[in-house]
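*Asks:* So I've got this file, coords-v6.pdb, and it contains PDB, C-alpha atoms:
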```
ATOM      1  CA  MET C   1      55.045  29.955 -21.087
ATOM      2  CA  VAL C   2      51.832  31.836 -21.825
ATOM      3  CA  ASP C   3      52.285  35.306 -23.297
ATOM      4  CA  ALA C   4      50.536  37.981 -21.264
ATOM      5  CA  PRO C   5      47.756  39.701 -23.229
ATOM      6  CA  GLN C   6      47.702  43.378 -24.012
ATOM      7  CA  PRO C   7      45.571  45.605 -21.737
ATOM      8  CA  VAL C   8      41.887  45.250 -22.567
ATOM      9  CA  SER C   9      39.922  48.258 -23.817
ATOM     10  CA  GLU C  10      36.719  46.906 -22.302
ATOM     11  CA  MET C  11      35.960  44.215 -19.781
ATOM     12  CA  PRO C  12      35.660  40.717 -21.295
ATOM     13  CA  THR C  13      32.308  38.966 -21.222
ATOM     14  CA  TRP C  14      32.004  36.147 -18.706
ATOM     15  CA  ASP C  15      33.105  33.526 -21.232
ATOM     16  CA  GLY C  16      35.896  35.865 -22.293
ATOM     17  CA  PHE C  17      37.435  35.004 -18.927
ATOM     18  CA  LEU C  18      37.452  31.238 -19.581
ATOM     19  CA  LEU C  19      40.872  31.203 -21.244
ATOM     20  CA  PRO C  20      42.519  33.588 -18.743
ATOM     21  CA  VAL C  21      41.335  31.393 -15.855
ATOM     22  CA  LEU C  22      42.974  28.340 -17.397
ATOM     23  CA  GLN C  23      46.102  30.344 -18.152
ATOM     24  CA  VAL C  24      46.608  31.560 -14.584
ATOM     25  CA  LEU C  25      46.058  28.017 -13.266
ATOM     26  CA  SER C  26      48.150  26.284 -15.936
ATOM     27  CA  ASP C  27      51.041  25.536 -13.541
ATOM     28  CA  GLY C  28      48.818  23.141 -11.585
ATOM     29  CA  GLU C  29      48.796  25.158  -8.362
ATOM     30  CA  THR C  30      45.725  25.018  -6.129
ATOM     31  CA  VAL C  31      44.442  28.551  -5.687
ATOM     32  CA  GLN C  32      41.678  30.134  -3.599
ATOM     33  CA  ALA C  33      38.739  31.441  -5.667
ATOM     34  CA  ARG C  34      39.265  35.098  -4.775
ATOM     35  CA  GLU C  35      42.949  34.883  -5.604
ATOM     36  CA  VAL C  36      42.038  33.341  -8.963
ATOM     37  CA  GLN C  37      39.893  36.395  -9.629
ATOM     38  CA  ASP C  38      42.716  38.767  -8.695
ATOM     39  CA  ARG C  39      45.248  36.874 -10.803
ATOM     40  CA  VAL C  40      42.916  36.925 -13.796
ATOM     41  CA  ALA C  41      42.349  40.670 -13.411
ATOM     42  CA  ASP C  42      46.124  41.196 -13.366
ATOM     43  CA  HIS C  43      46.635  38.780 -16.253
ATOM     44  CA  VAL C  44      44.254  40.569 -18.620
ATOM     45  CA  LYS C  45      45.375  43.934 -17.251
ATOM     46  CA  LEU C  46      42.014  45.273 -16.142
ATOM     47  CA  THR C  47      42.160  48.968 -15.360
ATOM     48  CA  ASP C  48      41.317  50.347 -11.926
ATOM     49  CA  ALA C  49      38.038  51.684 -13.333
ATOM     50  CA  GLN C  50      37.117  48.239 -14.675
ATOM     51  CA  ARG C  51      37.926  46.621 -11.328
ATOM     52  CA  ASP C  52      35.738  49.185  -9.571
ATOM     53  CA  GLU C  53      32.650  48.513 -11.726
ATOM     54  CA  VAL C  54      29.856  47.061  -9.589
ATOM     55  CA  LEU C  55      26.540  45.392 -10.229
ATOM     56  CA  ASP C  56      23.307  46.624  -8.666
ATOM     57  CA  SER C  57      23.905  44.038  -5.963
ATOM     58  CA  GLY C  58      27.165  45.789  -5.024
ATOM     59  CA  GLN C  59      29.399  42.942  -6.210
ATOM     60  CA  GLN C  60      32.360  43.858  -8.397
ATOM     61  CA  ARG C  61      31.472  43.051 -11.994
ATOM     62  CA  PHE C  62      34.778  41.414 -12.859
ATOM     63  CA  ARG C  63      34.588  39.085  -9.833
ATOM     64  CA  ASN C  64      31.084  38.052 -10.830
ATOM     65  CA  ARG C  65      32.150  37.293 -14.399
ATOM     66  CA  VAL C  66      35.328  35.461 -13.414
ATOM     67  CA  GLY C  67      33.269  33.521 -10.879
ATOM     68  CA  TRP C  68      30.908  32.322 -13.606
ATOM     69  CA  ALA C  69      33.879  31.376 -15.789
ATOM     70  CA  VAL C  70      35.368  29.327 -12.942
ATOM     71  CA  SER C  71      32.028  27.632 -12.231
ATOM     72  CA  SER C  72      31.522  26.821 -15.912
ATOM     73  CA  LEU C  73      35.003  25.333 -16.243
ATOM     74  CA  ALA C  74      34.377  23.258 -13.127
ATOM     75  CA  ARG C  75      31.107  21.964 -14.600
ATOM     76  CA  ALA C  76      32.991  20.988 -17.732
ATOM     77  CA  GLY C  77      35.564  19.086 -15.649
ATOM     78  CA  ALA C  78      38.333  21.501 -16.648
ATOM     79  CA  LEU C  79      38.848  22.542 -13.038
ATOM     80  CA  ASP C  80      38.826  20.476  -9.882
ATOM     81  CA  ARG C  81      38.135  21.655  -6.338
ATOM     82  CA  PRO C  82      40.399  19.664  -4.017
ATOM     83  CA  ARG C  83      39.227  21.648  -1.029
ATOM     84  CA  ARG C  84      36.511  24.155  -0.309
ATOM     85  CA  GLY C  85      36.826  27.412  -2.268
ATOM     86  CA  SER C  86      40.017  26.353  -4.061
ATOM     87  CA  TYR C  87      40.584  25.292  -7.664
ATOM     88  CA  THR C  88      43.198  23.552  -9.733
ATOM     89  CA  VAL C  89      43.394  22.682 -13.418
ATOM     90  CA  THR C  90      42.641  19.123 -14.620
ATOM     91  CA  ASP C  91      43.722  17.161 -17.679
ATOM     92  CA  VAL C  92      40.549  18.359 -19.406
ATOM     93  CA  GLY C  93      41.541  21.940 -18.683
ATOM     94  CA  ARG C  94      45.066  21.384 -20.007
ATOM     95  CA  ARG C  95      43.626  19.873 -23.173
ATOM     96  CA  LEU C  96      41.315  22.868 -23.663
ATOM     97  CA  LEU C  97      44.246  25.208 -23.170
ATOM     98  CA  ALA C  98      46.311  23.318 -25.743
ATOM     99  CA  GLU C  99      43.474  23.132 -28.278
ATOM    100  CA  HIS C 100      42.361  26.750 -27.816
ATOM    101  CA  PRO C 101      45.481  28.776 -27.040
ATOM    102  CA  HIS C 102      44.043  32.049 -28.354
ATOM    103  CA  ARG C 103      40.291  31.922 -27.775
ATOM    104  CA  LEU C 104      37.923  29.806 -25.721
ATOM    105  CA  ASP C 105      34.210  30.471 -25.320
ATOM    106  CA  GLU C 106      31.048  28.675 -24.257
ATOM    107  CA  VAL C 107      30.592  27.068 -27.673
ATOM    108  CA  ASP C 108      33.783  25.100 -27.025
ATOM    109  CA  LEU C 109      32.597  24.055 -23.563
ATOM    110  CA  ARG C 110      29.392  22.743 -25.117
ATOM    111  CA  GLN C 111      31.441  20.139 -26.940
ATOM    112  CA  ILE C 112      32.115  18.539 -23.548
ATOM    113  CA  PRO C 113      29.289  16.189 -22.455
ATOM    114  CA  ALA C 114      29.700  17.020 -18.765
ATOM    115  CA  TYR C 115      29.022  20.687 -19.472
ATOM    116  CA  ARG C 116      26.084  19.992 -21.782
ATOM    117  CA  ASP C 117      24.482  17.892 -19.051
ATOM    118  CA  HIS C 118      24.573  20.880 -16.692
ATOM    119  CA  VAL C 119      23.593  23.652 -19.105
ATOM    120  CA  PRO C 120      20.608  22.683 -21.273
ATOM    121  CA  ALA C 121      19.875  24.265 -24.612
ATOM    122  CA  ARG C 122      16.422  25.420 -25.644
ATOM    123  CA  ARG C 123      14.705  24.619 -28.905
ATOM    124  CA  VAL C 124      14.179  27.538 -31.248
ATOM    125  CA  GLN C 125      11.350  27.510 -33.775
ATOM    126  CA  VAL C 126      12.304  28.007 -37.418
ATOM    127  CA  PRO C 127      10.138  28.405 -40.559
ATOM    128  CA  SER C 128       8.355  25.194 -41.503
ATOM    129  CA  ASN C 129      10.589  24.091 -44.381
ATOM    130  CA  ASN C 130      11.328  20.593 -43.075
ATOM    131  CA  THR C 131      14.404  21.977 -41.321
ATOM    132  CA  PRO C 132      14.558  20.626 -37.762
ATOM    133  CA  PRO C 133      14.537  23.063 -34.862
ATOM    134  CA  VAL C 134      17.999  24.285 -33.962
ATOM    135  CA  GLN C 135      19.512  24.294 -30.524
ATOM    136  CA  GLU C 136      20.426  27.659 -29.074
ATOM    137  CA  ASN C 137      22.212  28.532 -25.888
ATOM    138  CA  GLN C 138      19.617  29.830 -23.456
ATOM    139  CA  TYR C 139      22.160  32.259 -22.029
ATOM    140  CA  ASN C 140      23.493  35.376 -23.728
ATOM    141  CA  SER C 141      27.265  34.898 -23.806
ATOM    142  CA  GLU C 142      27.694  38.645 -23.428
ATOM    143  CA  LEU C 143      26.331  38.522 -19.877
ATOM    144  CA  ASP C 144      26.504  36.040 -17.064
ATOM    145  CA  PRO C 145      23.164  34.813 -15.638
ATOM    146  CA  ILE C 146      23.062  37.338 -12.764
ATOM    147  CA  GLU C 147      23.755  40.184 -15.174
ATOM    148  CA  GLN C 148      21.014  38.901 -17.472
ATOM    149  CA  ILE C 149      18.525  39.070 -14.598
ATOM    150  CA  GLU C 150      19.622  42.595 -13.707
ATOM    151  CA  ALA C 151      19.535  43.702 -17.345
ATOM    152  CA  GLY C 152      16.057  42.209 -17.813
ATOM    153  CA  THR C 153      14.795  43.855 -14.637
ATOM    154  CA  ALA C 154      16.202  47.217 -15.738
ATOM    155  CA  ARG C 155      14.535  46.870 -19.131
ATOM    156  CA  LEU C 156      11.161  46.034 -17.597
ATOM    157  CA  ARG C 157      11.494  48.930 -15.179
ATOM    158  CA  ALA C 158      12.233  51.337 -18.041
ATOM    159  CA  GLU C 159       9.208  50.101 -19.962
ATOM    160  CA  VAL C 160       6.896  50.479 -16.959
ATOM    161  CA  SER C 161       8.331  53.941 -16.278
ATOM    162  CA  THR C 162       7.462  54.995 -19.822
ATOM    163  CA  GLN C 163       3.941  53.591 -19.479
ATOM    164  CA  LEU C 164       3.407  55.426 -16.180
ATOM    165  CA  LEU C 165       4.351  58.769 -17.707
ATOM    166  CA  GLU C 166       2.107  58.157 -20.715
ATOM    167  CA  ARG C 167      -0.848  57.438 -18.431
ATOM    168  CA  LEU C 168      -0.150  60.445 -16.196
ATOM    169  CA  ARG C 169       0.063  62.765 -19.201
ATOM    170  CA  SER C 170      -3.266  61.509 -20.516
ATOM    171  CA  ALA C 171      -4.996  61.664 -17.114
ATOM    172  CA  SER C 172      -6.661  64.730 -15.603
ATOM    173  CA  PRO C 173      -4.629  67.340 -13.677
ATOM    174  CA  ASP C 174      -6.501  66.282 -10.528
ATOM    175  CA  PHE C 175      -5.301  62.712 -10.961
ATOM    176  CA  LEU C 176      -1.674  63.822 -11.299
ATOM    177  CA  GLU C 177      -1.956  65.998  -8.194
ATOM    178  CA  GLN C 178      -3.353  63.086  -6.191
ATOM    179  CA  SER C 179      -0.664  60.746  -7.545
ATOM    180  CA  VAL C 180       2.025  63.165  -6.401
ATOM    181  CA  LEU C 181       0.569  63.283  -2.899
ATOM    182  CA  ASP C 182       0.242  59.479  -2.850
ATOM    183  CA  VAL C 183       3.942  59.092  -3.676
ATOM    184  CA  LEU C 184       5.063  61.647  -1.088
ATOM    185  CA  VAL C 185       2.942  59.985   1.588
ATOM    186  CA  ALA C 186       4.360  56.585   0.586
ATOM    187  CA  MET C 187       7.831  58.098   1.050
ATOM    188  CA  GLY C 188       6.941  58.907   4.659
ATOM    189  CA  TYR C 189       5.914  62.545   4.423
ATOM    190  CA  GLY C 190       2.786  63.524   6.305
ATOM    191  CA  GLY C 191       3.568  61.373   9.327
ATOM    192  CA  VAL C 192       1.742  58.270  10.474
ATOM    193  CA  GLU C 193      -1.585  60.044   9.988
ATOM    194  CA  GLN C 194      -0.700  60.683   6.331
ATOM    195  CA  ARG C 195      -1.793  64.306   6.459
ATOM    196  CA  ALA C 196      -1.883  65.296   2.801
ATOM    197  CA  ARG C 197      -4.578  67.029   0.793
ATOM    198  CA  ARG C 198      -5.103  68.488  -2.615
ATOM    199  CA  ILE C 199      -5.845  72.180  -2.964
ATOM    200  CA  GLY C 200      -6.170  72.645  -6.714
ATOM    201  CA  GLY C 201      -8.724  74.827  -8.452
ATOM    202  CA  SER C 202      -8.529  78.426  -9.587
ATOM    203  CA  GLY C 203      -7.972  79.703  -6.065
ATOM    204  CA  ASP C 204      -5.049  77.496  -5.221
ATOM    205  CA  GLY C 205      -2.625  80.398  -4.980
ATOM    206  CA  GLY C 206      -0.053  78.657  -7.170
ATOM    207  CA  VAL C 207       0.077  75.358  -5.253
ATOM    208  CA  ASP C 208      -1.760  72.096  -5.849
ATOM    209  CA  GLY C 209      -1.346  70.269  -2.571
ATOM    210  CA  VAL C 210      -0.092  70.536   0.957
ATOM    211  CA  ILE C 211       1.395  68.011   3.372
ATOM    212  CA  ASP C 212       1.353  68.661   7.114
ATOM    213  CA  GLN C 213       4.450  67.276   8.763
ATOM    214  CA  ASP C 214       2.977  67.624  12.259
ATOM    215  CA  PRO C 215      -0.547  67.451  13.733
ATOM    216  CA  LEU C 216      -0.757  71.240  14.175
ATOM    217  CA  GLY C 217       0.351  72.029  10.639
ATOM    218  CA  LEU C 218       3.334  74.069  11.840
ATOM    219  CA  ALA C 219       5.617  72.398   9.291
ATOM    220  CA  ARG C 220       4.164  72.155   5.832
ATOM    221  CA  ILE C 221       5.366  71.071   2.404
ATOM    222  CA  TYR C 222       3.582  72.629  -0.547
ATOM    223  CA  VAL C 223       3.342  70.805  -3.847
ATOM    224  CA  GLN C 224       3.028  71.909  -7.448
ATOM    225  CA  ALA C 225       2.277  69.308 -10.149
ATOM    226  CA  LYS C 226       2.422  70.132 -13.845
ATOM    227  CA  ARG C 227       1.196  67.739 -16.527
ATOM    228  CA  TYR C 228       3.236  68.441 -19.657
ATOM    229  CA  ALA C 229       4.188  66.615 -22.861
ATOM    230  CA  PRO C 230       7.687  65.099 -22.890
ATOM    231  CA  ASP C 231       9.066  67.812 -25.209
ATOM    232  CA  THR C 232       7.926  70.649 -22.927
ATOM    233  CA  VAL C 233      10.674  72.111 -20.756
ATOM    234  CA  VAL C 234       9.728  73.806 -17.502
ATOM    235  CA  GLY C 235      11.751  77.011 -17.297
ATOM    236  CA  ARG C 236      12.878  79.372 -14.587
ATOM    237  CA  PRO C 237       9.773  81.638 -14.753
ATOM    238  CA  GLN C 238       7.476  78.768 -13.736
ATOM    239  CA  VAL C 239       9.721  77.719 -10.868
ATOM    240  CA  GLN C 240      10.019  81.372  -9.865
ATOM    241  CA  GLY C 241       6.226  81.575  -9.775
ATOM    242  CA  PHE C 242       6.096  78.558  -7.473
ATOM    243  CA  VAL C 243       8.668  80.106  -5.144
ATOM    244  CA  GLY C 244       6.511  83.246  -5.064
ATOM    245  CA  ALA C 245       3.508  81.118  -4.127
ATOM    246  CA  LEU C 246       5.520  79.609  -1.268
ATOM    247  CA  HIS C 247       6.346  83.071   0.006
ATOM    248  CA  GLY C 248       2.657  83.932  -0.190
ATOM    249  CA  GLN C 249       1.947  80.955   2.057
ATOM    250  CA  GLN C 250       4.856  81.909   4.339
ATOM    251  CA  ALA C 251       6.286  78.485   3.530
ATOM    252  CA  THR C 252       9.899  77.410   3.232
ATOM    253  CA  GLN C 253       9.503  73.927   1.702
ATOM    254  CA  GLY C 254       8.117  72.979  -1.680
ATOM    255  CA  VAL C 255       8.164  70.188  -4.219
ATOM    256  CA  PHE C 256       7.640  70.947  -7.920
ATOM    257  CA  ILE C 257       6.916  67.844 -10.001
ATOM    258  CA  THR C 258       6.410  67.692 -13.749
ATOM    259  CA  THR C 259       5.845  64.890 -16.230
ATOM    260  CA  SER C 260       8.421  66.514 -18.526
ATOM    261  CA  THR C 261      11.804  68.104 -17.687
ATOM    262  CA  PHE C 262      13.311  71.236 -16.161
ATOM    263  CA  SER C 263      15.697  73.623 -17.867
ATOM    264  CA  ARG C 264      19.177  74.119 -16.468
ATOM    265  CA  GLU C 265      18.251  77.687 -15.517
ATOM    266  CA  ALA C 266      15.254  76.410 -13.556
ATOM    267  CA  VAL C 267      17.410  73.919 -11.663
ATOM    268  CA  GLU C 268      20.053  76.511 -10.865
ATOM    269  CA  TYR C 269      17.413  78.980  -9.673
ATOM    270  CA  ALA C 270      15.825  76.406  -7.353
ATOM    271  CA  ARG C 271      19.213  75.804  -5.775
ATOM    272  CA  SER C 272      19.835  79.502  -5.223
ATOM    273  CA  VAL C 273      16.669  80.519  -3.351
ATOM    274  CA  ASN C 274      16.327  80.594   0.415
ATOM    275  CA  ALA C 275      13.332  78.276   0.387
ATOM    276  CA  SER C 276      14.004  74.555   0.093
ATOM    277  CA  VAL C 277      12.581  73.725  -3.338
ATOM    278  CA  ILE C 278      12.926  70.238  -4.792
ATOM    279  CA  LEU C 279      12.414  69.739  -8.538
ATOM    280  CA  ILE C 280      11.399  66.269  -9.714
ATOM    281  CA  ASN C 281      11.188  65.565 -13.451
ATOM    282  CA  GLY C 282       9.019  62.933 -15.096
ATOM    283  CA  GLU C 283      11.625  60.194 -15.217
ATOM    284  CA  ARG C 284      12.479  60.539 -11.551
ATOM    285  CA  PHE C 285       8.832  60.710 -10.516
ATOM    286  CA  ALA C 286       8.002  57.530 -12.453
ATOM    287  CA  ASN C 287      10.862  55.759 -10.697
ATOM    288  CA  LEU C 288       9.618  56.998  -7.330
ATOM    289  CA  MET C 289       6.193  55.549  -8.167
ATOM    290  CA  ILE C 290       7.792  52.188  -8.938
ATOM    291  CA  ASP C 291       9.980  52.232  -5.829
ATOM    292  CA  ARG C 292       7.019  53.070  -3.573
ATOM    293  CA  GLY C 293       4.504  50.778  -5.267
ATOM    294  CA  VAL C 294       2.186  53.561  -6.419
ATOM    295  CA  GLY C 295       0.365  52.758  -9.659
ATOM    296  CA  VAL C 296       2.221  49.464 -10.112
ATOM    297  CA  GLN C 297       1.835  45.875  -8.965
ATOM    298  CA  ALA C 298       4.474  43.250  -8.237
ATOM    299  CA  VAL C 299       3.627  40.322 -10.509
ATOM    300  CA  GLN C 300       6.543  37.959  -9.909
ATOM    301  CA  THR C 301       9.328  37.451  -7.390
ATOM    302  CA  TYR C 302      12.408  35.369  -8.179
ATOM    303  CA  THR C 303      14.748  33.804  -5.663
ATOM    304  CA  ILE C 304      18.371  33.282  -6.700
ATOM    305  CA  VAL C 305      20.048  30.369  -4.948
ATOM    306  CA  LYS C 306      23.570  29.042  -4.760
ATOM    307  CA  LEU C 307      25.056  25.891  -3.323
ATOM    308  CA  ASP C 308      25.429  25.890   0.466
ATOM    309  CA  GLU C 309      29.010  24.689   0.867
ATOM    310  CA  ASP C 310      28.662  24.555   4.669
ATOM    311  CA  TYR C 311      25.926  21.935   4.327
ATOM    312  CA  PHE C 312      28.311  19.496   2.646
ATOM    313  CA  GLU C 313      31.243  20.068   4.962
TER     314      GLU C 313
END
```
Reformat the file's structure so that it appears as structure tokens.
*Replies:*
Amino acid sequence: MVDAPQPVSEMPTWDGFLLPVLQVLSDGETVQAREVQDRVADHVKLTDAQRDEVLDSGQQRFRNRVGWAVSSLARAGALDRPRRGSYTVTDVGRRLLAEHPHRLDEVDLRQIPAYRDHVPARRVQVPSNNTPPVQENQYNSELDPIEQIEAGTARLRAEVSTQLLERLRSASPDFLEQSVLDVLVAMGYGGVEQRARRIGGSGDGGVDGVIDQDPLGLARIYVQAKRYAPDTVVGRPQVQGFVGALHGQQATQGVFITTSTFSREAVEYARSVNASVILINGERFANLMIDRGVGVQAVQTYTIVKLDEDYFE
């Protein structure tokens, strides 16, 4: 009889689910994959919040991690799949459970030739002291492969976002104003004719650009773009000045974009006025540039594949 673990304070890593998978299948029953995931979640006492965590793809995080644990155990020969989408423990799995009753991770799976054949290691360079290169797992055991891709993508996105803001802050005010209009047009404002133009200059009346939402210019969005250092906070007086400029143009829609941030008072004021005023800080604007392909280029696309079970049926 396997003792049930205490509730976990944080969700186990994908290989932290290896032992629980074997434990819930230890009676030899053949169980559907999704039910295995549910049994494991109950076994380790995941909280409702942990069960509700999702990846960017929308998949529940715990199901993704348990799924990788199941796949890894199957590659090691510890689980068998007697029928499609169902798993049962093998003699190899029972041996692993007996040898590692308290902890089982990927290092232990790598002792099994069948698993090593499926998951190659990469050679890591070490200082030239006649010590041979060591073998290192190419996967971070803290994350399953899908999570590694998502984490890497998020890191690259954050780095590009920072670079975009640095370039915008060092560019001319005219360039920032045009970039703002380019993003808004890419988002679909200005219609199919992309009716957007910079105003700028000393006589701009407090606005830097205007977007006509219809051919006659009856519906217009006015734009203000402020190029500030990251430690500069745009306060209520500046937003108030922009709202005044909108009134001067008899306009009811405006977008105020800065390469820095807005104060809480500025945000609250924008929400309270009759005009529809949208405030976009530097971080959000950089992400809009990335999402709309303005100032960035796609350099690589990866396709994630999985086995087509229907093909082999």
*Asks:* Which residue gives the smallest distance to Glu283 in chain C among C:Thr153, C:Thr88, C:Thr13, C:Ser260, with only C-alpha atoms counted?
*Replies:*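 Ranking C:Thr153, C:Thr88, C:Thr13, C:Ser260 by distance to Glu283 in chain C, first place goes to C:Ser260.
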*Asks:* Run through the PyMOL selection byres ((chain C and resi 61-68) around 8) on the given coordinates and return the selected residues as an MDAnalysis selection string.
*Replies:* chainID C and resid 11 13:15 17:18 21 33:34 37 40:41 50:55 59:60 69:72 144
*Asks:* Given the file shown, determine the residues that the PyMOL selection byres ((chain C and resi 291) around 12) selects; report them as a PyMOL selection string.
*Replies:* chain C and resi 157+160-161+183-184+186-187+284-290+292-298
*Asks:* Could you state the separation of CA of Leu79 in chain C and CA of Thr47 in chain C in Å, given to one decimal place?
*Replies:* 26.7 Å
*Asks:* Between C:Val31, C:Ile146, C:Ala151, C:Ala219, which has the minimum distance to Arg83 in chain C (counting only C-alpha atoms)?
*Replies:*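 With only C-alpha atoms as the atom set, the closest residue is C:Val31.
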*Asks:* In Å, rounded to a single decimal, give me how far CA of Arg94 in chain C is from CA of Ala78 in chain C.
*Replies:*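 It comes out at 7.5 Å.
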*Asks:* Using all atoms listed in the file - which residues lie no farther than 12 Å from the point (40.3, 21.2, -7.9) in the file's frame? Write them as a compact mmCIF listing (two decimals) with C-alpha atoms, in the coordinates of the input.
*Replies:*
```
# COMPACT_ATOMS: atom_id res chain seq x y z
CA LEU C 25 46.06 28.02 -13.27
CA GLY C 28 48.82 23.14 -11.58
CA GLU C 29 48.80 25.16 -8.36
CA THR C 30 45.72 25.02 -6.13
CA VAL C 31 44.44 28.55 -5.69
CA GLN C 32 41.68 30.13 -3.60
CA ALA C 33 38.74 31.44 -5.67
CA VAL C 70 35.37 29.33 -12.94
CA SER C 71 32.03 27.63 -12.23
CA LEU C 73 35.00 25.33 -16.24
CA ALA C 74 34.38 23.26 -13.13
CA ARG C 75 31.11 21.96 -14.60
CA GLY C 77 35.56 19.09 -15.65
CA ALA C 78 38.33 21.50 -16.65
CA LEU C 79 38.85 22.54 -13.04
CA ASP C 80 38.83 20.48 -9.88
CA ARG C 81 38.14 21.66 -6.34
CA PRO C 82 40.40 19.66 -4.02
CA ARG C 83 39.23 21.65 -1.03
CA ARG C 84 36.51 24.16 -0.31
CA GLY C 85 36.83 27.41 -2.27
CA SER C 86 40.02 26.35 -4.06
CA TYR C 87 40.58 25.29 -7.66
CA THR C 88 43.20 23.55 -9.73
CA VAL C 89 43.39 22.68 -13.42
CA THR C 90 42.64 19.12 -14.62
CA ASP C 91 43.72 17.16 -17.68
CA VAL C 92 40.55 18.36 -19.41
CA GLY C 93 41.54 21.94 -18.68
```
*Asks:* For a quick check of understanding, using all atoms listed in the file, which of C:Gln250, C:Asn281, C:Val239, C:Tyr228 has the smallest distance to Glu265 in chain C?
*Replies:*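 The answer is C:Val239, which sits nearest to Glu265 in chain C.
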*Asks:* So that I can see what lies close to Val255 in chain C, please list as number ranges by chain the residues with an atom at most 9 Å from it, counting all atoms listed in the file and leaving out residues fewer than 2 positions away in the same chain.
*Replies:* C: 221-225, 253, 257, 276-280
*Asks:* Do you know which residues the PyMOL selection byres ((chain C and resi 273) around 12) returns on this file, as a PyMOL selection string?
*Replies:* chain C and resi 236+239-240+242-244+246-247+252-254+266-272+274-278
*Asks:* Mind pulling up the distance from CA of Asp208 in chain C to CA of Gly190 in chain C?
*Replies:* 15.6 Å
*Asks:* Between C:Leu307, C:Leu96, C:Val44, C:Ala76, which has the minimum distance to Ser26 in chain C (counting only C-alpha atoms)?
*Replies:*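 Comparing C:Leu307, C:Leu96, C:Val44, C:Ala76 against Ser26 in chain C, the winner is C:Leu96.
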*Asks:* Considering all atoms listed in the file, can you say which of C:Arg95, C:Thr259, C:Asp108, C:Ala251 comes closest to Leu176 in chain C?
*Replies:*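 Using all atoms listed in the file, Leu176 in chain C sits closest to C:Thr259.
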*Asks:* Quick one: range 53-64 of chain C from the block, N, CA, C and O atoms, as a PDB file, in the first residue's frame.
*Replies:*
```pdb
ATOM      1  N   GLU C  53      -4.219  26.190 -13.543  1.00  0.00           N
ATOM      2  CA  GLU C  53      -3.117  26.851 -14.245  1.00  0.00           C
ATOM      3  C   GLU C  53      -3.081  26.372 -15.698  1.00  0.00           C
ATOM      4  O   GLU C  53      -3.199  25.176 -15.971  1.00  0.00           O
ATOM      5  N   VAL C  54      -2.912  27.302 -16.624  1.00  0.00           N
ATOM      6  CA  VAL C  54      -2.878  26.936 -18.041  1.00  0.00           C
ATOM      7  C   VAL C  54      -1.627  27.490 -18.696  1.00  0.00           C
ATOM      8  O   VAL C  54      -1.051  28.488 -18.252  1.00  0.00           O
ATOM      9  N   LEU C  55      -1.214  26.827 -19.744  1.00  0.00           N
ATOM     10  CA  LEU C  55      -0.117  27.300 -20.578  1.00  0.00           C
ATOM     11  C   LEU C  55      -0.660  28.324 -21.563  1.00  0.00           C
ATOM     12  O   LEU C  55      -1.872  28.521 -21.671  1.00  0.00           O
ATOM     13  N   ASP C  56       0.234  28.978 -22.302  1.00  0.00           N
ATOM     14  CA  ASP C  56      -0.199  29.933 -23.312  1.00  0.00           C
ATOM     15  C   ASP C  56      -1.074  29.270 -24.365  1.00  0.00           C
ATOM     16  O   ASP C  56      -1.920  29.919 -24.987  1.00  0.00           O
ATOM     17  N   SER C  57      -0.875  27.976 -24.556  1.00  0.00           N
ATOM     18  CA  SER C  57      -1.667  27.240 -25.534  1.00  0.00           C
ATOM     19  C   SER C  57      -3.087  26.983 -25.055  1.00  0.00           C
ATOM     20  O   SER C  57      -3.948  26.578 -25.831  1.00  0.00           O
ATOM     21  N   GLY C  58      -3.348  27.210 -23.758  1.00  0.00           N
ATOM     22  CA  GLY C  58      -4.666  26.954 -23.189  1.00  0.00           C
ATOM     23  C   GLY C  58      -4.770  25.615 -22.491  1.00  0.00           C
ATOM     24  O   GLY C  58      -5.753  25.348 -21.790  1.00  0.00           O
ATOM     25  N   GLN C  59      -3.768  24.752 -22.644  1.00  0.00           N
ATOM     26  CA  GLN C  59      -3.789  23.448 -21.990  1.00  0.00           C
ATOM     27  C   GLN C  59      -3.481  23.601 -20.507  1.00  0.00           C
ATOM     28  O   GLN C  59      -2.666  24.423 -20.107  1.00  0.00           O
ATOM     29  N   GLN C  60      -4.158  22.793 -19.681  1.00  0.00           N
ATOM     30  CA  GLN C  60      -3.874  22.823 -18.250  1.00  0.00           C
ATOM     31  C   GLN C  60      -2.427  22.370 -18.014  1.00  0.00           C
ATOM     32  O   GLN C  60      -1.987  21.360 -18.554  1.00  0.00           O
ATOM     33  N   ARG C  61      -1.729  23.125 -17.182  1.00  0.00           N
ATOM     34  CA  ARG C  61      -0.307  22.849 -16.962  1.00  0.00           C
ATOM     35  C   ARG C  61      -0.084  21.458 -16.374  1.00  0.00           C
ATOM     36  O   ARG C  61       0.824  20.734 -16.778  1.00  0.00           O
ATOM     37  N   PHE C  62      -0.906  21.075 -15.404  1.00  0.00           N
ATOM     38  CA  PHE C  62      -0.661  19.786 -14.759  1.00  0.00           C
ATOM     39  C   PHE C  62      -0.884  18.640 -15.730  1.00  0.00           C
ATOM     40  O   PHE C  62      -0.169  17.629 -15.705  1.00  0.00           O
ATOM     41  N   ARG C  63      -1.861  18.765 -16.641  1.00  0.00           N
ATOM     42  CA  ARG C  63      -2.087  17.702 -17.630  1.00  0.00           C
ATOM     43  C   ARG C  63      -0.904  17.599 -18.581  1.00  0.00           C
ATOM     44  O   ARG C  63      -0.509  16.502 -18.986  1.00  0.00           O
ATOM     45  N   ASN C  64      -0.344  18.736 -18.950  1.00  0.00           N
ATOM     46  CA  ASN C  64       0.813  18.728 -19.837  1.00  0.00           C
ATOM     47  C   ASN C  64       1.997  18.025 -19.169  1.00  0.00           C
ATOM     48  O   ASN C  64       2.676  17.199 -19.777  1.00  0.00           O
TER      49      ASN C  64
END
```
